[in-house]
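Peer 1: After the structure tokens below, expect a handful of questions from me.
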Protein chains: 2
Amino acid sequence: MVTRLSDDETDAVFRALADPTRRDILRRAIRQEQSISALAERYEMSFAAVQKHVAVLERAAIIEKQRRGKEQIVRARLETLARATELLGEFEALWRERTLRIEELLADPADPASETTPTRPTEKGHP
Amino acid sequence: MVTRLSDDETDAVFRALADPTRRDILRRAIRQEQSISALAERYEMSFAAVQKHVAVLERAAIIEKQRRGKEQIVRARLETLARATELLGEFEALWRERTLRIEELLADPADPASETTPTRPTEKGHP
DNA sequence: CTAACGTACAACCAAATGGTTACACGACTC
DNA sequence: GAGTCGTGTAACCATTTGGTTGTACGTTAG
């Protein structure tokens with residue numbers, strides 16, 4: 001983890017990923033760095049439209065562009081994706097925290113240091 | 001993994017996560033199931049606005065509602081988040097595939113299986 | 001029964017999105 | 001220098017989004 005995504009950055013990342021064309025562009029860019037026009041050839045839409053999608057991915061720091069001659073080479077920034085993954089992981093961590101709390105309650109029905117009391121741990125459902 | 005998210009489902013999930021209010025609602029719902037109005041109290045905006053956010057999360061299958069008396073209880077669906085995490089993992093898998101390919105090329109400078117024919121495997125694009 | 005509560009939904013509005021076409025610009029090719 | 005290729009950007013349009021207010025409806029409390 002480097003800096004942790006701010007709210008705005010997180011918005012941008014998830015919004016950028018919420019479009020099938022952009023996810024596809026990202027996949028291609030991951031498999032092989034390539035120019036915007038090379039990417040644009042693969043899609044039905046206009047060059048300008050593809051360029052806009054690339055711009056959205058770039059603003060989200062999911063890809064970066066690098067000039068090479070007259071071309072602009074698109075490459076993926078995997079760290080940003082990793083940070084998004086971490087963020088999703090935080091939700092799952094919250095869930096684990098919660099089940100922990102619940103187990104504590106079931107373990108200590110009214111007794112904070114484990115004593116007597118035949119506590120039946122009536123397990124509730126889990127996902 | 002259960003069914004794997006379709007393109008439309010993926011759109012919905014990432015779009016739903018691309019809003020700070022909705023992420024916050026999700027966190028609260030994960031920590032503790034609660035009614036829509038209980039959630040709505042926490043935010044500046046109108047009840048209807050919060051209700052819309054909940055609807056977006058529900059359409060994305062990130063949360064589900066369950067009637068309890070006159071209240072509608074919101075609970076998180078962690079499996080959907082898990083599938084989103086898998087999806088991000090696929091991007092990283094693509095990256096690993098790629099580095100693998102590159103290493104192979106470096107290892108076999110011009111020799112795919114130690115045989116004749118100096119065929120230069122000048123990799124073109126992929127489908 | 002009536003009142004209040006929690007929810008749903010419609011109509012409306014401003015702003016953002018995803019697409020288009022058209023045009024300007026920089027960098028190679030000839 | 002002229003032309004072309006790859007990019008960037010602007011203007012425009014339809015649709016979606018995120019918010020508002022208002023209204024209706026089922027359920028629980030008195």
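FYI, nothing fancy with the structure tokens labels: chains A, B, ... in order, residues from 1 per chain, ligands from 1 as they appear.
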Applying 9 Å and only C-alpha atoms (C1' of nucleotides), which residues near segment 26-29 of chain D remain after dropping the ones on its own chain fewer than 4 positions away? List them as a list in words.

Peer 2: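 Using only C-alpha atoms (C1' of nucleotides), the neighbours found are Gly69, Lys70 and Glu71 of chain B; DA3, DA4, DC5, DG6 and DT7 of chain C.
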
Peer 1: Can you pull out the residues contacting Ser46 of chain A? Cut-off 12 Å, using only C-alpha atoms (C1' of nucleotides), and skip same-chain residues under 4 positions away; I want them as a PDB file with all heavy atoms, in the first residue's frame.

Peer 2:
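And here's result_14.pdb as it stands now:
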ATOM      1  N   ILE A  36      -3.124   4.589 -28.645  1.00  0.00           N
ATOM      2  CA  ILE A  36      -4.561   4.815 -28.578  1.00  0.00           C
ATOM      3  C   ILE A  36      -5.233   4.418 -29.885  1.00  0.00           C
ATOM      4  O   ILE A  36      -6.289   3.793 -29.892  1.00  0.00           O
ATOM      5  CB  ILE A  36      -4.842   6.303 -28.273  1.00  0.00           C
ATOM      6  CG1 ILE A  36      -4.198   6.680 -26.941  1.00  0.00           C
ATOM      7  CG2 ILE A  36      -6.329   6.564 -28.231  1.00  0.00           C
ATOM      8  CD1 ILE A  36      -4.426   8.115 -26.546  1.00  0.00           C
ATOM      9  N   SER A  37      -4.598   4.739 -31.001  1.00  0.00           N
ATOM     10  CA  SER A  37      -5.235   4.407 -32.286  1.00  0.00           C
ATOM     11  C   SER A  37      -5.267   2.895 -32.489  1.00  0.00           C
ATOM     12  O   SER A  37      -6.229   2.373 -33.053  1.00  0.00           O
ATOM     13  CB  SER A  37      -4.494   5.094 -33.429  1.00  0.00           C
ATOM     14  OG  SER A  37      -3.106   4.911 -33.312  1.00  0.00           O
ATOM     15  N   LEU A  39      -5.691   0.783 -30.127  1.00  0.00           N
ATOM     16  CA  LEU A  39      -6.850   0.391 -29.318  1.00  0.00           C
ATOM     17  C   LEU A  39      -8.139   0.727 -30.060  1.00  0.00           C
ATOM     18  O   LEU A  39      -9.068  -0.088 -30.140  1.00  0.00           O
ATOM     19  CB  LEU A  39      -6.820   1.117 -27.977  1.00  0.00           C
ATOM     20  CG  LEU A  39      -5.819   0.600 -26.948  1.00  0.00           C
ATOM     21  CD1 LEU A  39      -5.706   1.578 -25.785  1.00  0.00           C
ATOM     22  CD2 LEU A  39      -6.237  -0.773 -26.449  1.00  0.00           C
ATOM     23  N   ALA A  40      -8.185   1.932 -30.614  1.00  0.00           N
ATOM     24  CA  ALA A  40      -9.422   2.417 -31.228  1.00  0.00           C
ATOM     25  C   ALA A  40      -9.874   1.517 -32.377  1.00  0.00           C
ATOM     26  O   ALA A  40     -11.071   1.353 -32.612  1.00  0.00           O
ATOM     27  CB  ALA A  40      -9.244   3.849 -31.706  1.00  0.00           C
ATOM     28  N   GLU A  41      -8.927   0.919 -33.075  1.00  0.00           N
ATOM     29  CA  GLU A  41      -9.280   0.036 -34.197  1.00  0.00           C
ATOM     30  C   GLU A  41     -10.183  -1.112 -33.765  1.00  0.00           C
ATOM     31  O   GLU A  41     -10.986  -1.600 -34.560  1.00  0.00           O
ATOM     32  CB  GLU A  41      -8.009  -0.562 -34.817  1.00  0.00           C
ATOM     33  CG  GLU A  41      -7.233   0.408 -35.688  1.00  0.00           C
ATOM     34  CD  GLU A  41      -5.895  -0.194 -36.110  1.00  0.00           C
ATOM     35  OE1 GLU A  41      -5.687  -1.407 -35.887  1.00  0.00           O
ATOM     36  OE2 GLU A  41      -5.058   0.555 -36.661  1.00  0.00           O
ATOM     37  N   ARG A  42     -10.057  -1.515 -32.514  1.00  0.00           N
ATOM     38  CA  ARG A  42     -10.786  -2.698 -32.051  1.00  0.00           C
ATOM     39  C   ARG A  42     -12.251  -2.449 -31.774  1.00  0.00           C
ATOM     40  O   ARG A  42     -12.992  -3.402 -31.537  1.00  0.00           O
ATOM     41  CB  ARG A  42     -10.142  -3.242 -30.769  1.00  0.00           C
ATOM     42  CG  ARG A  42      -8.636  -3.397 -30.827  1.00  0.00           C
ATOM     43  CD  ARG A  42      -8.235  -4.314 -31.974  1.00  0.00           C
ATOM     44  NE  ARG A  42      -6.854  -4.737 -31.867  1.00  0.00           N
ATOM     45  CZ  ARG A  42      -6.493  -5.921 -31.372  1.00  0.00           C
ATOM     46  NH1 ARG A  42      -7.404  -6.765 -30.967  1.00  0.00           N
ATOM     47  NH2 ARG A  42      -5.213  -6.243 -31.301  1.00  0.00           N
ATOM     48  N   VAL A  50     -13.237   6.448 -28.093  1.00  0.00           N
ATOM     49  CA  VAL A  50     -12.230   5.612 -27.438  1.00  0.00           C
ATOM     50  C   VAL A  50     -11.250   6.493 -26.664  1.00  0.00           C
ATOM     51  O   VAL A  50     -10.886   6.193 -25.526  1.00  0.00           O
ATOM     52  CB  VAL A  50     -11.474   4.757 -28.475  1.00  0.00           C
ATOM     53  CG1 VAL A  50     -10.310   4.031 -27.828  1.00  0.00           C
ATOM     54  CG2 VAL A  50     -12.421   3.767 -29.135  1.00  0.00           C
ATOM     55  N   GLN A  51     -10.885   7.583 -27.279  1.00  0.00           N
ATOM     56  CA  GLN A  51      -9.961   8.496 -26.612  1.00  0.00           C
ATOM     57  C   GLN A  51     -10.545   9.003 -25.296  1.00  0.00           C
ATOM     58  O   GLN A  51      -9.846   9.141 -24.297  1.00  0.00           O
ATOM     59  CB  GLN A  51      -9.676   9.663 -27.550  1.00  0.00           C
ATOM     60  CG  GLN A  51      -8.418  10.406 -27.210  1.00  0.00           C
ATOM     61  CD  GLN A  51      -8.217  11.579 -28.128  1.00  0.00           C
ATOM     62  OE1 GLN A  51      -9.052  11.859 -28.967  1.00  0.00           O
ATOM     63  NE2 GLN A  51      -7.114  12.276 -27.958  1.00  0.00           N
ATOM     64  N   LYS A  52     -11.837   9.270 -25.305  1.00  0.00           N
ATOM     65  CA  LYS A  52     -12.482   9.710 -24.065  1.00  0.00           C
ATOM     66  C   LYS A  52     -12.412   8.617 -23.005  1.00  0.00           C
ATOM     67  O   LYS A  52     -12.146   8.897 -21.829  1.00  0.00           O
ATOM     68  CB  LYS A  52     -13.942  10.069 -24.333  1.00  0.00           C
ATOM     69  CG  LYS A  52     -14.165  11.476 -24.842  1.00  0.00           C
ATOM     70  CD  LYS A  52     -15.649  11.798 -24.773  1.00  0.00           C
ATOM     71  CE  LYS A  52     -15.985  13.152 -25.337  1.00  0.00           C
ATOM     72  NZ  LYS A  52     -17.433  13.436 -25.227  1.00  0.00           N
ATOM     73  N   HIS A  53     -12.656   7.385 -23.416  1.00  0.00           N
ATOM     74  CA  HIS A  53     -12.581   6.286 -22.457  1.00  0.00           C
ATOM     75  C   HIS A  53     -11.173   6.194 -21.874  1.00  0.00           C
ATOM     76  O   HIS A  53     -10.994   6.019 -20.665  1.00  0.00           O
ATOM     77  CB  HIS A  53     -12.957   4.974 -23.140  1.00  0.00           C
ATOM     78  CG  HIS A  53     -14.427   4.788 -23.321  1.00  0.00           C
ATOM     79  ND1 HIS A  53     -15.325   4.869 -22.281  1.00  0.00           N
ATOM     80  CD2 HIS A  53     -15.167   4.529 -24.420  1.00  0.00           C
ATOM     81  CE1 HIS A  53     -16.552   4.667 -22.735  1.00  0.00           C
ATOM     82  NE2 HIS A  53     -16.495   4.462 -24.036  1.00  0.00           N
TER      83      HIS A  53
ATOM     84  P    DG C  18     -19.706   7.092 -18.984  1.00  0.00           P
ATOM     85  OP1  DG C  18     -19.921   5.756 -18.414  1.00  0.00           O
ATOM     86  OP2  DG C  18     -18.364   7.691 -18.973  1.00  0.00           O
ATOM     87  O5'  DG C  18     -20.222   7.078 -20.495  1.00  0.00           O
ATOM     88  C5'  DG C  18     -21.489   6.518 -20.801  1.00  0.00           C
ATOM     89  C4'  DG C  18     -21.736   6.643 -22.281  1.00  0.00           C
ATOM     90  O4'  DG C  18     -22.094   8.012 -22.573  1.00  0.00           O
ATOM     91  C3'  DG C  18     -20.517   6.323 -23.149  1.00  0.00           C
ATOM     92  O3'  DG C  18     -20.941   5.599 -24.298  1.00  0.00           O
ATOM     93  C2'  DG C  18     -19.978   7.708 -23.522  1.00  0.00           C
ATOM     94  C1'  DG C  18     -21.269   8.504 -23.598  1.00  0.00           C
ATOM     95  N9   DG C  18     -21.115   9.938 -23.407  1.00  0.00           N
ATOM     96  C8   DG C  18     -20.186  10.591 -22.653  1.00  0.00           C
ATOM     97  N7   DG C  18     -20.298  11.893 -22.688  1.00  0.00           N
ATOM     98  C5   DG C  18     -21.384  12.107 -23.515  1.00  0.00           C
ATOM     99  C6   DG C  18     -21.997  13.321 -23.939  1.00  0.00           C
ATOM    100  O6   DG C  18     -21.687  14.479 -23.655  1.00  0.00           O
ATOM    101  N1   DG C  18     -23.082  13.086 -24.782  1.00  0.00           N
ATOM    102  C2   DG C  18     -23.519  11.848 -25.168  1.00  0.00           C
ATOM    103  N2   DG C  18     -24.571  11.807 -25.980  1.00  0.00           N
ATOM    104  N3   DG C  18     -22.959  10.703 -24.781  1.00  0.00           N
ATOM    105  C4   DG C  18     -21.894  10.913 -23.961  1.00  0.00           C
ATOM    106  P    DG C  19     -19.823   4.900 -25.234  1.00  0.00           P
ATOM    107  OP1  DG C  19     -20.304   3.547 -25.525  1.00  0.00           O
ATOM    108  OP2  DG C  19     -18.480   5.090 -24.628  1.00  0.00           O
ATOM    109  O5'  DG C  19     -19.867   5.826 -26.540  1.00  0.00           O
ATOM    110  C5'  DG C  19     -20.836   5.615 -27.504  1.00  0.00           C
ATOM    111  C4'  DG C  19     -21.333   6.899 -28.129  1.00  0.00           C
ATOM    112  O4'  DG C  19     -21.419   7.980 -27.187  1.00  0.00           O
ATOM    113  C3'  DG C  19     -20.466   7.519 -29.225  1.00  0.00           C
ATOM    114  O3'  DG C  19     -20.527   6.782 -30.431  1.00  0.00           O
ATOM    115  C2'  DG C  19     -21.145   8.871 -29.372  1.00  0.00           C
ATOM    116  C1'  DG C  19     -21.613   9.166 -27.928  1.00  0.00           C
ATOM    117  N9   DG C  19     -20.851  10.262 -27.320  1.00  0.00           N
ATOM    118  C8   DG C  19     -19.832  10.184 -26.405  1.00  0.00           C
ATOM    119  N7   DG C  19     -19.372  11.350 -26.034  1.00  0.00           N
ATOM    120  C5   DG C  19     -20.130  12.259 -26.762  1.00  0.00           C
ATOM    121  C6   DG C  19     -20.081  13.681 -26.787  1.00  0.00           C
ATOM    122  O6   DG C  19     -19.346  14.440 -26.156  1.00  0.00           O
ATOM    123  N1   DG C  19     -21.025  14.205 -27.669  1.00  0.00           N
ATOM    124  C2   DG C  19     -21.901  13.454 -28.426  1.00  0.00           C
ATOM    125  N2   DG C  19     -22.728  14.138 -29.215  1.00  0.00           N
ATOM    126  N3   DG C  19     -21.953  12.139 -28.403  1.00  0.00           N
ATOM    127  C4   DG C  19     -21.045  11.596 -27.558  1.00  0.00           C
ATOM    128  P    DT C  20     -19.461   7.040 -31.592  1.00  0.00           P
ATOM    129  OP1  DT C  20     -19.608   5.955 -32.589  1.00  0.00           O
ATOM    130  OP2  DT C  20     -18.147   7.312 -30.981  1.00  0.00           O
ATOM    131  O5'  DT C  20     -19.986   8.409 -32.232  1.00  0.00           O
ATOM    132  C5'  DT C  20     -21.272   8.455 -32.846  1.00  0.00           C
ATOM    133  C4'  DT C  20     -21.627   9.888 -33.214  1.00  0.00           C
ATOM    134  O4'  DT C  20     -21.564  10.709 -32.014  1.00  0.00           O
ATOM    135  C3'  DT C  20     -20.646  10.548 -34.177  1.00  0.00           C
ATOM    136  O3'  DT C  20     -21.062  10.288 -35.513  1.00  0.00           O
ATOM    137  C2'  DT C  20     -20.810  12.027 -33.852  1.00  0.00           C
ATOM    138  C1'  DT C  20     -21.213  12.035 -32.371  1.00  0.00           C
ATOM    139  N1   DT C  20     -20.125  12.476 -31.457  1.00  0.00           N
ATOM    140  C2   DT C  20     -19.916  13.818 -31.281  1.00  0.00           C
ATOM    141  O2   DT C  20     -20.554  14.674 -31.849  1.00  0.00           O
ATOM    142  N3   DT C  20     -18.899  14.138 -30.403  1.00  0.00           N
ATOM    143  C4   DT C  20     -18.101  13.269 -29.701  1.00  0.00           C
ATOM    144  O4   DT C  20     -17.231  13.665 -28.943  1.00  0.00           O
ATOM    145  C5   DT C  20     -18.375  11.861 -29.941  1.00  0.00           C
ATOM    146  C7   DT C  20     -17.565  10.832 -29.233  1.00  0.00           C
ATOM    147  C6   DT C  20     -19.362  11.534 -30.786  1.00  0.00           C
ATOM    148  P    DT C  21     -20.007  10.470 -36.704  1.00  0.00           P
ATOM    149  OP1  DT C  21     -20.644   9.954 -37.941  1.00  0.00           O
ATOM    150  OP2  DT C  21     -18.695   9.938 -36.270  1.00  0.00           O
ATOM    151  O5'  DT C  21     -19.851  12.054 -36.816  1.00  0.00           O
ATOM    152  C5'  DT C  21     -20.977  12.862 -37.135  1.00  0.00           C
ATOM    153  C4'  DT C  21     -20.571  14.326 -37.137  1.00  0.00           C
ATOM    154  O4'  DT C  21     -20.039  14.665 -35.824  1.00  0.00           O
ATOM    155  C3'  DT C  21     -19.453  14.654 -38.141  1.00  0.00           C
ATOM    156  O3'  DT C  21     -19.831  15.792 -38.908  1.00  0.00           O
ATOM    157  C2'  DT C  21     -18.222  14.925 -37.280  1.00  0.00           C
ATOM    158  C1'  DT C  21     -18.821  15.367 -35.959  1.00  0.00           C
ATOM    159  N1   DT C  21     -17.994  15.000 -34.775  1.00  0.00           N
ATOM    160  C2   DT C  21     -17.511  15.980 -33.945  1.00  0.00           C
ATOM    161  O2   DT C  21     -17.717  17.161 -34.115  1.00  0.00           O
ATOM    162  N3   DT C  21     -16.759  15.518 -32.893  1.00  0.00           N
ATOM    163  C4   DT C  21     -16.459  14.209 -32.586  1.00  0.00           C
ATOM    164  O4   DT C  21     -15.774  13.918 -31.616  1.00  0.00           O
ATOM    165  C5   DT C  21     -16.992  13.233 -33.510  1.00  0.00           C
ATOM    166  C7   DT C  21     -16.736  11.776 -33.278  1.00  0.00           C
ATOM    167  C6   DT C  21     -17.724  13.664 -34.542  1.00  0.00           C
TER     168       DT C  21
END

Peer 1: Separation of atom CA of Thr10 of chain A and atom CA of Thr80 of chain B, in Å?

Peer 2: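 Between atom CA of Thr10 of chain A and atom CA of Thr80 of chain B the gap works out to 18.3 Å.
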
Peer 1: Taking every C-alpha atom in sequence order, what RMSD separates chain A from chain B after the best least-squares fit?

Peer 2: 4.7 Å

Peer 1: Can you list every residue in chain B that DSSP puts in alpha helix (DSSP H), as a PyMOL selection string?

Peer 2: chain B and resi 7-17+20-31+36-40+47-59+78-107

Peer 1: Env of DA16 of chain C: 12 Å cut, atoms = only C-alpha atoms (C1' of nucleotides), seq-sep filter 2 positions within chain, self excluded. Answer as a ChimeraX atom specification.

Peer 2: /A:15 /C:14,18 /D:15-18

Peer 1: With C-alpha atoms (C1' of nucleotides) retained, could you export that selection as an mmCIF file, in the first residue's frame?

Peer 2:
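Contents of the output file out.cif:
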data_model
loop_
_atom_site.group_PDB
_atom_site.id
_atom_site.type_symbol
_atom_site.label_atom_id
_atom_site.label_comp_id
_atom_site.auth_asym_id
_atom_site.auth_seq_id
_atom_site.Cartn_x
_atom_site.Cartn_y
_atom_site.Cartn_z
ATOM 1 C CA ARG A 15 -16.567 4.749 -12.079
ATOM 2 C "C1'" DA C 14 -29.161 20.452 -12.827
ATOM 3 C "C1'" DG C 18 -21.269 8.504 -23.598
ATOM 4 C "C1'" DT D 15 -29.618 9.624 -21.622
ATOM 5 C "C1'" DT D 16 -28.503 8.794 -16.884
ATOM 6 C "C1'" DT D 17 -27.539 10.364 -12.301
ATOM 7 C "C1'" DG D 18 -28.180 12.508 -7.903
#

Peer 1: Give me the residues near DA10 of chain C as a short mmCIF file (atom, residue, chain, number, x, y, z; two decimals) with C-alpha atoms (C1' of nucleotides), in the first residue's frame, where near means some atom within 12 Å (using only C-alpha atoms (C1' of nucleotides)) and where sequence neighbours in that chain fewer than 4 positions away do not count.

Peer 2:
data_model
loop_
_atom_site.label_atom_id
_atom_site.label_comp_id
_atom_site.auth_asym_id
_atom_site.auth_seq_id
_atom_site.Cartn_x
_atom_site.Cartn_y
_atom_site.Cartn_z
CA ALA B 48 -35.75 9.84 -0.65
"C1'" DT D 21 -40.55 17.92 -3.13
"C1'" DG D 22 -44.95 15.91 -2.86
"C1'" DT D 23 -48.10 12.21 -2.51
"C1'" DA D 24 -49.84 7.54 -1.55
#

Peer 1: Could you produce a table of the residues of chain D lying within 10 Å of chain A, with the nearest pair of atoms per residue and their separation in Å rounded to one decimal, using only C-alpha atoms (C1' of nucleotides), ordered by chain and increasing residue number, as a Markdown table?

Peer 2:
| residue | atom | partner | partner_atom | distance |
| --- | --- | --- | --- | --- |
| D:DC5 | C1' | A:Lys70 | CA | 8.1 |
| D:DG6 | C1' | A:Glu71 | CA | 5.8 |
| D:DT7 | C1' | A:Glu71 | CA | 7.9 |
| D:DG8 | C1' | A:Gln51 | CA | 9.1 |
| D:DT9 | C1' | A:Ala48 | CA | 9.7 |

Peer 1: Compute the chain B side of the contact with chain A at 6 Å, counting only C-alpha atoms, and hand it back as a list in words.

Peer 2: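 The selection requested is Asp11, Phe14, Arg15, Ala18, Asp19, Ile30, Arg31, Trp95 and Arg98 of chain B.
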
Peer 1: Emit the selected residues as a PDB file, in the first residue's frame, including C-alpha atoms.

Peer 2:
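Result written to part-v4.pdb:
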ATOM      1  CA  ASP B  11     -21.268  -2.329 -14.510  1.00  0.00           C
ATOM      2  CA  PHE B  14     -18.703  -0.828  -9.871  1.00  0.00           C
ATOM      3  CA  ARG B  15     -21.064   2.024 -10.563  1.00  0.00           C
ATOM      4  CA  ALA B  18     -18.397   4.776  -7.260  1.00  0.00           C
ATOM      5  CA  ASP B  19     -20.147   7.039  -4.754  1.00  0.00           C
ATOM      6  CA  ILE B  30     -21.951  -4.562   6.883  1.00  0.00           C
ATOM      7  CA  ARG B  31     -21.247  -3.570  10.470  1.00  0.00           C
ATOM      8  CA  TRP B  95      -0.525  -9.017 -15.811  1.00  0.00           C
ATOM      9  CA  ARG B  98       2.110 -11.128 -19.549  1.00  0.00           C
TER      10      ARG B  98
END

Peer 1: If you run DSSP on the backbone here, which positions in chain B get strand (DSSP E)? Please write them as a list in words.

Peer 2: Gln34, Ser35, Ile63, Glu64, Lys65, Gln66, Arg67, Arg68, Glu71, Gln72, Ile73, Val74, Arg75 and Ala76 of chain B

Peer 1: Please compute the atom CA of Val74 of chain B-atom CA of Leu100 of chain A distance, one decimal, in Å.

Peer 2: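 For atom CA of Val74 of chain B relative to atom CA of Leu100 of chain A, the distance reads 20.0 Å.
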
Peer 1: Restricting the calculation to only C-alpha atoms (C1' of nucleotides): of C:DC1, C:DC30, C:DC9, C:DA22, which residue gets closest to chain A?

Peer 2: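 Checking each of C:DC1, C:DC30, C:DC9, C:DA22 against chain A, counting only C-alpha atoms (C1' of nucleotides), the winner is C:DA22.
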
Peer 1: So the first atom is atom CA of Ala49 of chain A and the second is atom C1' of DA11 of chain D; what is the distance between them in Å, to one decimal place?

Peer 2: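 Separation of atom CA of Ala49 of chain A and atom C1' of DA11 of chain D: 14.6 Å.
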